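Chemist: The structure is given below, and queries will be raised subsequently.
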Amino acid sequence: MALTNWTNAVEWLAAAAREPRLCKSDWQHGTTGIHLLAAGRFWDVLIVPACLGLRTADILTCLPRFEPGPALLDGRRRQVGFFLPPDPANLWAGSDIR
């Protein structure tokens, strides 16, 4: 199950690249494993302090019949990034948050 989720996540993220095959190749075989992706095409990222993001992730995983989307933890900067649909203004409860 974990491998399937990881594979789906890689496919989903790579699809946002201009050249998805090159992106996946860089991740798997490149010297750094890094391929930068521009937000806004398929998703945006909401970055919050880790203390807020980790608590929010805990709450989201406990909601019945709700499967939260992907998130990334940046331990060095102590931040969590939540992937959201592009231009979430129509869905987002906050204002002036990007």
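Starting from 1 in every chain, residues are counted up; chains themselves are A, B, ... following the order of the structure tokens, and ligands are numbered from 1 as listed.
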Pick out the residues sitting within 10 Å of stretch 60-68 of chain A, and hand them over as a PyMOL selection string; count only C-alpha atoms, and ignore anything fewer than 4 positions along from it in its own chain.
Modeler: chain A and resi 54-56+82-83
Chemist: Mind listing the alpha helix (DSSP H) residues of chain A, per DSSP on the backbone, as a VMD selection string?
Modeler: chain A and resid 2 to 14 20 to 29 50 to 62
Chemist: What separation in Å, quoted to one decimal, exists between atom CA of A:His29 and atom CA of A:Val80?
Modeler: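 Spanning atom CA of A:His29 to atom CA of A:Val80 is a straight-line distance of 26.5 Å.
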Chemist: Quick one: pick out all strand (DSSP E or B) residues within chain A from a backbone DSSP run and write them as an mmCIF file with all heavy atoms, in the first residue's frame.
Modeler:
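This is the output file out16.cif:
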data_model
loop_
_atom_site.group_PDB
_atom_site.id
_atom_site.type_symbol
_atom_site.label_atom_id
_atom_site.label_comp_id
_atom_site.auth_asym_id
_atom_site.auth_seq_id
_atom_site.Cartn_x
_atom_site.Cartn_y
_atom_site.Cartn_z
ATOM 1 N N ASP A 44 -1.284 24.444 -5.979
ATOM 2 C CA ASP A 44 -0.579 25.494 -5.240
ATOM 3 C C ASP A 44 -0.152 24.882 -3.914
ATOM 4 O O ASP A 44 -0.613 23.805 -3.544
ATOM 5 C CB ASP A 44 -1.495 26.698 -4.980
ATOM 6 C CG ASP A 44 -1.566 27.637 -6.169
ATOM 7 O OD1 ASP A 44 -0.580 27.714 -6.915
ATOM 8 O OD2 ASP A 44 -2.599 28.291 -6.337
ATOM 9 N N VAL A 45 0.709 25.568 -3.216
ATOM 10 C CA VAL A 45 1.185 25.074 -1.928
ATOM 11 C C VAL A 45 0.945 26.146 -0.872
ATOM 12 O O VAL A 45 1.318 27.299 -1.056
ATOM 13 C CB VAL A 45 2.686 24.713 -1.973
ATOM 14 C CG1 VAL A 45 3.162 24.216 -0.615
ATOM 15 C CG2 VAL A 45 2.958 23.676 -3.046
ATOM 16 N N LEU A 46 0.296 25.754 0.196
ATOM 17 C CA LEU A 46 0.101 26.624 1.349
ATOM 18 C C LEU A 46 1.130 26.207 2.392
ATOM 19 O O LEU A 46 1.121 25.063 2.856
ATOM 20 C CB LEU A 46 -1.310 26.468 1.921
ATOM 21 C CG LEU A 46 -1.582 27.211 3.226
ATOM 22 C CD1 LEU A 46 -1.540 28.723 2.994
ATOM 23 C CD2 LEU A 46 -2.906 26.787 3.818
ATOM 24 N N ILE A 47 2.033 27.118 2.737
ATOM 25 C CA ILE A 47 3.106 26.820 3.695
ATOM 26 C C ILE A 47 2.782 27.487 5.019
ATOM 27 O O ILE A 47 2.478 28.679 5.063
ATOM 28 C CB ILE A 47 4.461 27.307 3.159
ATOM 29 C CG1 ILE A 47 4.787 26.579 1.854
ATOM 30 C CG2 ILE A 47 5.560 27.088 4.191
ATOM 31 C CD1 ILE A 47 6.003 27.108 1.145
ATOM 32 N N VAL A 48 2.828 26.681 6.082
ATOM 33 C CA VAL A 48 2.524 27.172 7.421
ATOM 34 C C VAL A 48 3.617 26.694 8.384
ATOM 35 O O VAL A 48 4.339 25.749 8.088
ATOM 36 C CB VAL A 48 1.136 26.675 7.905
ATOM 37 C CG1 VAL A 48 0.032 27.213 7.002
ATOM 38 C CG2 VAL A 48 1.077 25.163 7.974
ATOM 39 N N PRO A 49 3.744 27.335 9.549
ATOM 40 C CA PRO A 49 4.698 26.853 10.555
ATOM 41 C C PRO A 49 4.385 25.399 10.929
ATOM 42 O O PRO A 49 3.217 24.994 10.955
ATOM 43 C CB PRO A 49 4.478 27.786 11.745
ATOM 44 C CG PRO A 49 3.850 29.016 11.175
ATOM 45 C CD PRO A 49 3.039 28.547 10.005
ATOM 46 N N ALA A 71 1.027 16.474 1.600
ATOM 47 C CA ALA A 71 1.685 17.535 2.362
ATOM 48 C C ALA A 71 3.164 17.184 2.481
ATOM 49 O O ALA A 71 3.540 16.015 2.398
ATOM 50 C CB ALA A 71 1.058 17.671 3.740
ATOM 51 N N LEU A 72 3.988 18.194 2.656
ATOM 52 C CA LEU A 72 5.424 17.994 2.839
ATOM 53 C C LEU A 72 5.879 18.674 4.119
ATOM 54 O O LEU A 72 5.435 19.778 4.429
ATOM 55 C CB LEU A 72 6.211 18.598 1.671
ATOM 56 C CG LEU A 72 6.040 17.950 0.308
ATOM 57 C CD1 LEU A 72 6.762 18.778 -0.757
ATOM 58 C CD2 LEU A 72 6.570 16.539 0.319
ATOM 59 N N LEU A 73 6.767 18.010 4.832
ATOM 60 C CA LEU A 73 7.358 18.576 6.042
ATOM 61 C C LEU A 73 8.785 18.993 5.729
ATOM 62 O O LEU A 73 9.587 18.190 5.255
ATOM 63 C CB LEU A 73 7.352 17.549 7.174
ATOM 64 C CG LEU A 73 8.138 17.926 8.425
ATOM 65 C CD1 LEU A 73 7.525 19.147 9.102
ATOM 66 C CD2 LEU A 73 8.205 16.755 9.383
ATOM 67 N N ASP A 74 9.098 20.245 5.968
ATOM 68 C CA ASP A 74 10.465 20.755 5.843
ATOM 69 C C ASP A 74 10.999 20.908 7.259
ATOM 70 O O ASP A 74 10.734 21.911 7.932
ATOM 71 C CB ASP A 74 10.471 22.089 5.096
ATOM 72 C CG ASP A 74 11.882 22.627 4.858
ATOM 73 O OD1 ASP A 74 12.829 22.175 5.546
ATOM 74 O OD2 ASP A 74 12.035 23.501 3.993
ATOM 75 N N GLN A 79 8.543 23.947 8.667
ATOM 76 C CA GLN A 79 7.336 24.342 7.947
ATOM 77 C C GLN A 79 6.667 23.113 7.343
ATOM 78 O O GLN A 79 7.323 22.114 7.069
ATOM 79 C CB GLN A 79 7.670 25.313 6.810
ATOM 80 C CG GLN A 79 8.240 26.628 7.273
ATOM 81 C CD GLN A 79 8.657 27.510 6.119
ATOM 82 O OE1 GLN A 79 9.097 27.043 5.077
ATOM 83 N NE2 GLN A 79 8.524 28.812 6.303
ATOM 84 N N VAL A 80 5.365 23.216 7.129
ATOM 85 C CA VAL A 80 4.601 22.184 6.438
ATOM 86 C C VAL A 80 3.947 22.841 5.229
ATOM 87 O O VAL A 80 3.396 23.937 5.336
ATOM 88 C CB VAL A 80 3.522 21.560 7.351
ATOM 89 C CG1 VAL A 80 2.641 20.588 6.582
ATOM 90 C CG2 VAL A 80 4.172 20.855 8.538
ATOM 91 N N GLY A 81 4.039 22.169 4.092
ATOM 92 C CA GLY A 81 3.400 22.652 2.872
ATOM 93 C C GLY A 81 2.243 21.739 2.508
ATOM 94 O O GLY A 81 2.419 20.532 2.373
ATOM 95 N N PHE A 82 1.064 22.304 2.385
ATOM 96 C CA PHE A 82 -0.124 21.559 1.975
ATOM 97 C C PHE A 82 -0.390 21.836 0.498
ATOM 98 O O PHE A 82 -0.480 22.995 0.096
ATOM 99 C CB PHE A 82 -1.353 21.975 2.795
ATOM 100 C CG PHE A 82 -1.285 21.572 4.228
ATOM 101 C CD1 PHE A 82 -0.851 22.459 5.200
ATOM 102 C CD2 PHE A 82 -1.657 20.296 4.616
ATOM 103 C CE1 PHE A 82 -0.787 22.092 6.530
ATOM 104 C CE2 PHE A 82 -1.595 19.916 5.951
ATOM 105 C CZ PHE A 82 -1.161 20.809 6.900
ATOM 106 N N PHE A 83 -0.532 20.792 -0.292
ATOM 107 C CA PHE A 83 -0.845 20.946 -1.706
ATOM 108 C C PHE A 83 -2.346 21.168 -1.850
ATOM 109 O O PHE A 83 -3.153 20.405 -1.319
ATOM 110 C CB PHE A 83 -0.422 19.704 -2.491
ATOM 111 C CG PHE A 83 1.068 19.597 -2.630
ATOM 112 C CD1 PHE A 83 1.837 19.082 -1.616
ATOM 113 C CD2 PHE A 83 1.690 20.023 -3.792
ATOM 114 C CE1 PHE A 83 3.209 18.978 -1.739
ATOM 115 C CE2 PHE A 83 3.067 19.933 -3.926
ATOM 116 C CZ PHE A 83 3.826 19.413 -2.902
ATOM 117 N N LEU A 84 -2.707 22.213 -2.572
ATOM 118 C CA LEU A 84 -4.101 22.594 -2.778
ATOM 119 C C LEU A 84 -4.378 22.693 -4.279
ATOM 120 O O LEU A 84 -3.452 22.859 -5.066
ATOM 121 C CB LEU A 84 -4.371 23.963 -2.147
ATOM 122 C CG LEU A 84 -4.055 24.118 -0.675
ATOM 123 C CD1 LEU A 84 -4.194 25.574 -0.270
ATOM 124 C CD2 LEU A 84 -4.961 23.244 0.154
#
Chemist: State, in Å with one decimal place, the distance from atom CA of A:Leu22 to atom CA of A:Asn8.
Modeler: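 Calculated distance between atom CA of A:Leu22 and atom CA of A:Asn8 is 16.9 Å.
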Chemist: List the neighbours of A:Ala16 out to 9 Å using only C-alpha atoms; skip same-chain residues closer than 6 positions along the sequence, and give me the result as an MDAnalysis selection string.
Modeler: chainID A and resid 37:39 41:43
Chemist: Would you mind reading off the distance between atom CA of A:Ala57 and atom CA of A:Ala9, one decimal, in Å?
Modeler: 17.2 Å
Chemist: Give the answer as one residue: which of A:Trp27, A:Asp58, A:Leu52, A:Arg77 has the shortest atom-to-atom distance to A:Leu13, using only C-alpha atoms?
Modeler: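 Between A:Trp27, A:Asp58, A:Leu52, A:Arg77, the residue approaching A:Leu13 most closely is A:Trp27.
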